[in-house]
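S.K.: Just one file: coords30.cif, with mmCIF, C-alpha atoms.
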```
data_query
#
loop_
_atom_site.label_atom_id
_atom_site.label_comp_id
_atom_site.auth_asym_id
_atom_site.auth_seq_id
_atom_site.Cartn_x
_atom_site.Cartn_y
_atom_site.Cartn_z
CA MET A 9 -24.46 -13.06 12.08
CA SER A 10 -23.54 -9.98 10.11
CA PHE A 11 -20.29 -8.14 9.45
CA GLN A 12 -18.82 -5.38 7.34
CA VAL A 13 -17.17 -6.22 4.00
CA LYS A 14 -14.87 -3.83 2.12
CA TYR A 15 -13.86 -4.16 -1.53
CA PHE A 16 -10.79 -2.59 -3.09
CA GLY A 17 -9.40 -1.97 -6.57
CA MET A 18 -10.75 -4.19 -9.33
CA LEU A 19 -12.91 -6.07 -6.80
CA ALA A 20 -14.79 -2.87 -5.92
CA GLU A 21 -15.26 -2.37 -9.64
CA ILE A 22 -16.75 -5.86 -10.03
CA ALA A 23 -18.98 -5.59 -6.95
CA GLY A 24 -20.09 -2.12 -7.98
CA LEU A 25 -19.60 -0.89 -4.41
CA SER A 26 -16.81 -0.41 -1.90
CA ASP A 27 -18.50 -1.78 1.20
CA GLU A 28 -21.59 -3.62 2.34
CA VAL A 29 -23.01 -5.50 5.30
CA TRP A 30 -22.85 -9.29 4.92
CA ASN A 31 -25.60 -11.34 6.53
CA ALA A 32 -25.11 -15.07 7.10
CA ALA A 33 -27.34 -17.66 8.74
CA GLY A 34 -24.76 -19.17 11.12
CA GLY A 35 -21.04 -18.94 11.89
CA LEU A 36 -18.68 -18.68 8.93
CA THR A 37 -15.05 -19.44 8.29
CA VAL A 38 -13.10 -17.24 5.90
CA GLY A 39 -13.28 -20.05 3.32
CA GLN A 40 -17.06 -20.35 3.64
CA PHE A 41 -17.42 -16.60 3.31
CA ARG A 42 -15.20 -16.70 0.19
CA ALA A 43 -17.50 -19.34 -1.37
CA GLN A 44 -20.65 -17.28 -0.65
CA MET A 45 -18.99 -14.20 -2.05
CA LEU A 46 -17.97 -15.92 -5.28
CA ASP A 47 -21.59 -17.10 -5.66
CA LYS A 48 -22.75 -13.52 -5.35
CA TYR A 49 -20.04 -12.07 -7.61
CA PRO A 50 -19.05 -14.83 -10.09
CA ALA A 51 -16.81 -12.39 -12.00
CA MET A 52 -14.39 -12.52 -9.03
CA ARG A 53 -13.71 -16.24 -9.60
CA ASP A 54 -10.78 -15.67 -11.93
CA LYS A 55 -9.32 -12.80 -9.88
CA LYS A 56 -6.47 -13.12 -7.40
CA PHE A 57 -7.20 -11.71 -3.96
CA LYS A 58 -6.51 -12.11 -0.26
CA ILE A 59 -8.99 -11.76 2.57
CA ALA A 60 -8.15 -9.69 5.63
CA VAL A 61 -10.09 -10.05 8.87
CA ASN A 62 -9.75 -6.99 11.10
CA GLN A 63 -6.80 -5.83 8.96
CA LYS A 64 -4.90 -9.14 9.17
CA ILE A 65 -4.60 -11.39 6.12
CA SER A 66 -6.33 -14.61 7.10
CA GLU A 67 -6.33 -18.25 6.08
CA ASP A 68 -9.51 -20.02 4.94
CA PHE A 69 -9.84 -22.09 8.14
CA VAL A 70 -10.15 -19.01 10.40
CA LEU A 71 -13.57 -18.56 11.99
CA ILE A 72 -15.00 -15.08 11.58
CA GLU A 73 -15.94 -13.65 14.97
CA THR A 74 -18.15 -10.59 15.07
CA PRO A 75 -17.76 -7.68 15.20
CA ALA A 76 -15.50 -8.08 12.20
CA GLU A 77 -14.30 -6.01 9.29
CA ILE A 78 -13.54 -8.19 6.28
CA ALA A 79 -11.57 -6.76 3.36
CA LEU A 80 -11.00 -8.23 -0.09
CA LEU A 81 -7.55 -7.24 -1.26
CA PRO A 82 -6.45 -7.59 -4.89
CA PRO A 83 -2.69 -7.71 -5.70
CA PHE A 84 -0.75 -4.82 -4.14
CA ALA A 85 0.61 -2.11 -6.40
CA GLY A 86 2.35 0.38 -4.12
CA GLY A 87 5.56 2.10 -5.16
CA MET B 9 18.05 4.23 25.13
CA GLU B 10 15.13 2.73 23.23
CA LYS B 11 13.51 5.35 21.06
CA ILE B 12 9.79 5.37 20.50
CA HIS B 13 8.75 6.02 16.93
CA LYS B 14 5.32 7.56 16.72
CA PRO B 15 3.07 6.57 13.83
CA LYS B 16 3.57 9.08 11.03
CA LYS B 17 1.34 10.17 8.22
CA VAL B 18 2.53 8.49 5.04
CA PHE B 19 -0.16 9.23 2.49
CA VAL B 20 -0.26 12.44 0.52
CA GLN B 21 -2.88 13.42 -2.02
CA GLY B 22 -1.53 13.47 -5.59
CA PRO B 23 2.12 13.58 -6.72
CA ILE B 24 5.07 14.25 -4.39
CA SER B 25 6.77 17.43 -5.62
CA PRO B 26 10.53 17.83 -6.10
CA GLU B 27 10.25 20.94 -3.88
CA PHE B 28 8.92 18.78 -1.03
CA VAL B 29 11.87 16.40 -1.46
CA ALA B 30 14.30 19.34 -1.42
CA LYS B 31 12.73 20.78 1.74
CA SER B 32 12.96 17.38 3.43
CA ILE B 33 16.69 17.25 2.70
CA ALA B 34 17.21 20.80 3.95
CA SER B 35 15.41 20.08 7.21
CA HIS B 36 18.15 17.56 8.14
CA GLN B 37 21.03 20.03 8.09
CA SER B 38 20.82 20.53 11.86
CA LYS B 39 21.18 16.77 12.51
CA THR B 40 24.94 16.69 12.34
CA GLY B 41 25.28 13.07 13.46
CA ILE B 42 24.12 12.07 10.00
CA GLY B 43 26.79 11.20 7.46
CA ALA B 44 24.68 9.57 4.75
CA HIS B 45 21.22 9.98 3.29
CA ALA B 46 19.69 7.50 0.86
CA ILE B 47 16.65 8.54 -1.12
CA PHE B 48 14.43 6.37 -3.27
CA LEU B 49 11.88 7.99 -5.57
CA GLY B 50 9.27 5.98 -7.42
CA GLN B 51 8.21 7.62 -10.69
CA ILE B 52 5.23 6.74 -12.90
CA ARG B 53 6.40 5.10 -16.11
CA ALA B 54 4.66 5.52 -19.48
CA ASP B 55 4.35 1.79 -20.14
CA LEU B 56 2.86 0.71 -23.44
CA LYS B 57 -0.25 -1.42 -22.89
CA GLU B 58 -2.72 -3.04 -25.26
CA GLY B 59 -5.08 -0.03 -25.26
CA GLY B 60 -2.37 2.63 -25.48
CA THR B 61 0.22 4.33 -23.30
CA VAL B 62 -0.09 4.71 -19.52
CA THR B 63 -0.84 8.35 -18.70
CA GLY B 64 -0.91 8.03 -14.90
CA ILE B 65 -1.84 5.84 -11.94
CA ASP B 66 -4.84 6.41 -9.72
CA TYR B 67 -3.87 5.05 -6.27
CA THR B 68 -6.24 3.85 -3.57
CA ALA B 69 -5.47 2.02 -0.33
CA TYR B 70 -6.99 0.17 2.58
CA GLU B 71 -5.76 3.11 4.59
CA GLU B 72 -6.05 1.84 8.17
CA MET B 73 -4.28 -1.43 7.35
CA ALA B 74 -1.72 0.36 5.17
CA GLU B 75 -0.80 2.86 7.92
CA GLN B 76 -0.24 -0.07 10.29
CA ALA B 77 1.86 -1.88 7.67
CA PHE B 78 4.00 1.25 7.16
CA HIS B 79 4.44 1.52 10.92
CA ASP B 80 5.57 -2.13 11.12
CA ILE B 81 8.05 -1.59 8.27
CA ARG B 82 9.47 1.49 10.04
CA GLU B 83 9.90 -0.40 13.31
CA ALA B 84 11.55 -3.36 11.56
CA ALA B 85 13.93 -1.07 9.64
CA PHE B 86 14.96 0.82 12.79
CA ALA B 87 15.62 -2.53 14.51
CA LYS B 88 17.60 -3.93 11.58
CA PHE B 89 19.75 -0.98 10.51
CA GLU B 90 21.67 1.83 12.22
CA LEU B 91 19.38 4.69 11.25
CA THR B 92 19.12 8.22 12.57
CA CYS B 93 15.78 8.89 10.92
CA MET B 94 13.39 7.67 8.29
CA HIS B 95 10.58 9.22 6.27
CA ILE B 96 8.16 7.47 3.94
CA TYR B 97 5.59 9.21 1.74
CA HIS B 98 3.23 7.58 -0.75
CA SER B 99 0.66 9.15 -3.05
CA LEU B 100 -3.06 8.54 -3.13
CA GLY B 101 -5.24 9.64 -6.03
CA LEU B 102 -3.97 10.48 -9.48
CA VAL B 103 -0.25 10.70 -10.21
CA PRO B 104 0.50 11.52 -13.86
CA THR B 105 3.30 9.84 -15.82
CA GLY B 106 6.72 11.27 -14.99
CA GLU B 107 5.74 12.37 -11.49
CA ILE B 108 6.73 10.92 -8.12
CA SER B 109 4.47 8.55 -6.15
CA LEU B 110 6.87 7.14 -3.54
CA PHE B 111 9.52 8.94 -1.48
CA VAL B 112 11.64 6.92 0.93
CA PHE B 113 14.28 8.91 2.83
CA VAL B 114 16.64 7.25 5.31
CA SER B 115 19.54 8.83 7.17
CA SER B 116 22.39 7.17 9.00
CA PRO B 117 25.85 7.99 10.32
CA HIS B 118 27.29 5.80 7.53
CA ARG B 119 26.43 4.92 3.93
CA ARG B 120 26.07 1.14 4.18
CA ALA B 121 23.08 1.23 6.53
CA ALA B 122 21.42 3.94 4.44
CA PHE B 123 21.79 2.00 1.17
CA GLU B 124 20.57 -1.27 2.66
CA ALA B 125 17.67 0.22 4.61
CA SER B 126 16.29 2.07 1.61
CA GLU B 127 16.22 -1.10 -0.49
CA TYR B 128 14.68 -3.10 2.35
CA ILE B 129 11.94 -0.51 2.94
CA VAL B 130 10.98 -0.20 -0.74
CA GLU B 131 10.77 -3.98 -1.18
CA GLU B 132 8.64 -4.31 1.97
CA ILE B 133 6.26 -1.58 0.79
CA LYS B 134 5.80 -3.23 -2.60
CA ALA B 135 5.09 -6.65 -1.07
CA ASN B 136 3.14 -5.89 2.09
CA VAL B 137 1.22 -2.62 1.99
CA PRO B 138 -2.39 -2.78 0.69
CA ILE B 139 -2.15 -0.08 -1.97
CA PHE B 140 -3.92 -0.51 -5.30
CA GLY B 141 -3.10 1.17 -8.60
CA LYS B 142 -5.33 1.80 -11.56
CA GLU B 143 -3.12 2.50 -14.57
CA LEU B 144 -4.91 4.89 -16.89
CA VAL B 145 -4.34 3.85 -20.48
CA GLY B 146 -4.92 5.87 -23.66
CA GLU B 147 -8.06 8.01 -23.80
CA ALA B 148 -10.43 6.18 -21.47
CA GLY B 149 -9.14 2.68 -20.64
CA HIS B 150 -7.45 1.29 -17.55
CA VAL B 151 -5.67 -1.78 -16.24
CA TRP B 152 -4.98 -2.72 -12.63
CA LYS B 153 -1.31 -2.69 -11.69
CA GLU B 154 0.23 -5.67 -9.93
CA ASN B 155 3.64 -5.65 -8.22
CA THR B 156 5.95 -8.47 -9.22
#
```
Show me the file's structure as structure tokens.
M.R.:
Amino acid sequence: MSFQVKYFGMLAEIAGLSDEVWNAAGGLTVGQFRAQMLDKYPAMRDKKFKIAVNQKISEDFVLIETPAEIALLPPFAGG
Amino acid sequence: MEKIHKPKKVFVQGPISPEFVAKSIASHQSKTGIGAHAIFLGQIRADLKEGGTVTGIDYTAYEEMAEQAFHDIREAAFAKFELTCMHIYHSLGLVPTGEISLFVFVSSPHRRAAFEASEYIVEEIKANVPIFGKELVGEAGHVWKENT
């Protein structure tokens, strides 16, 4: 499966890009995706962030169903 | 009658000018059912950080999700408080210290609803809208802002 991943704020800075296509061998939950992502970008391990699936903040147990847009959201700073 | 509130454009590029705020107030003079306006303005503070003083904040957002979040906040505020109208504007891009990055403007027949709605809306924006802020510090440094 493959899906779109978007990075924001300090996470885009760490990844060095603001979006990419993520390819995975089989189905993935949000938690499994998070683990793969931290393997790819170890510098994100000590950062706080939430994961949104199709613009909804999602728990780790949620299964990602394609087509999906995943977004990594660091702490909000509006105002 | 149930009013339908169309999604409105919230984001503006750069600072929100005092002239824009003044024009917004003036444009409500024909709505004579209004007895109270409450306005909240968020201004960029020159905080002292490790690498120097904050000179501005560079805002980015997950725009599609943020527009939806703003829409949800508007709907919730209209349901919760007796409001005649409501306007929310937030900056994207660079806003220098001392300038305005958030403009919340609520109008009601009476003051209590206006006061309470403005506080509710600002708190909801800070907690639930995916906006990110890079605080520019000193000559070339930066730190990422985090709402508390």
S.K.: Excluding Ala79 of chain A and any residue of its chain fewer than 4 positions from it, enumerate the residues within 7 Å of it, using all atoms listed in the file, and give them as a list in words.
M.R.: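 After dropping sequence-adjacent residues, the list is Val13, Lys14, Tyr15, Ile59, Ala60 and Val61 of chain A.
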S.K.: Using the chain letters and numbering of this document, enumerate as a PyMOL selection string the residues selected by the PyMOL selection byres ((chain A) within 9 of (chain B)).
M.R.: chain A and resi 14+16-18+62-64+79+81-87
S.K.: Convert the output of the PyMOL selection byres ((chain B and resi 82) around 10) on the shown file into explicit residues, formatted as a PyMOL selection string.
M.R.: chain B and resi 13-16+76-81+83-88+93-96+125+129+132
S.K.: List every protein, DNA or RNA residue that has at least one atom no more than 8 Å from (-13.3, -15.3, 6.8) in the file's coordinates, counting all atoms listed in the file, and write the result as a list in words.
M.R.: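 Within 8 Å of (-13.3, -15.3, 6.8), the protein and nucleic acid residues are Leu36, Thr37, Val38, Gly39, Gln40, Phe41, Arg42, Ile59, Ala60, Val61, Ser66, Glu67, Asp68, Phe69, Val70, Leu71, Ile72 and Ile78 of chain A.
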S.K.: Enter the distance from atom CA of Gly149 of chain B to atom CA of Glu28 of chain A, in Å, rounded to one decimal.
M.R.: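 Computing the Euclidean distance for atom CA of Gly149 of chain B and atom CA of Glu28 of chain A yields 26.9 Å.
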S.K.: Run the PyMOL selection byres ((chain A and resi 10) around 9) mentally over the shown coordinates, then write out the matched residues as a count of residues only, using the chain letters and numbers from the document.
M.R.: 11
S.K.: Between atom CA of Leu91 of chain B and atom CA of Gln21 of chain B, what is the distance in Å, rounded to a tenth?
M.R.: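 Between atom CA of Leu91 of chain B and atom CA of Gln21 of chain B the gap works out to 27.3 Å.
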S.K.: Counting only C-alpha atoms, figure out which residue out of B:Val29, B:Arg119, B:Glu147, B:Pro23 gets nearest to Gly106 of chain B.
M.R.: B:Pro23
S.K.: Could you please determine the separation between atom CA of Gly146 of chain B and atom CA of Ser25 of chain B in Å, to one decimal place?
M.R.: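 Spanning atom CA of Gly146 of chain B to atom CA of Ser25 of chain B is a straight-line distance of 24.4 Å.
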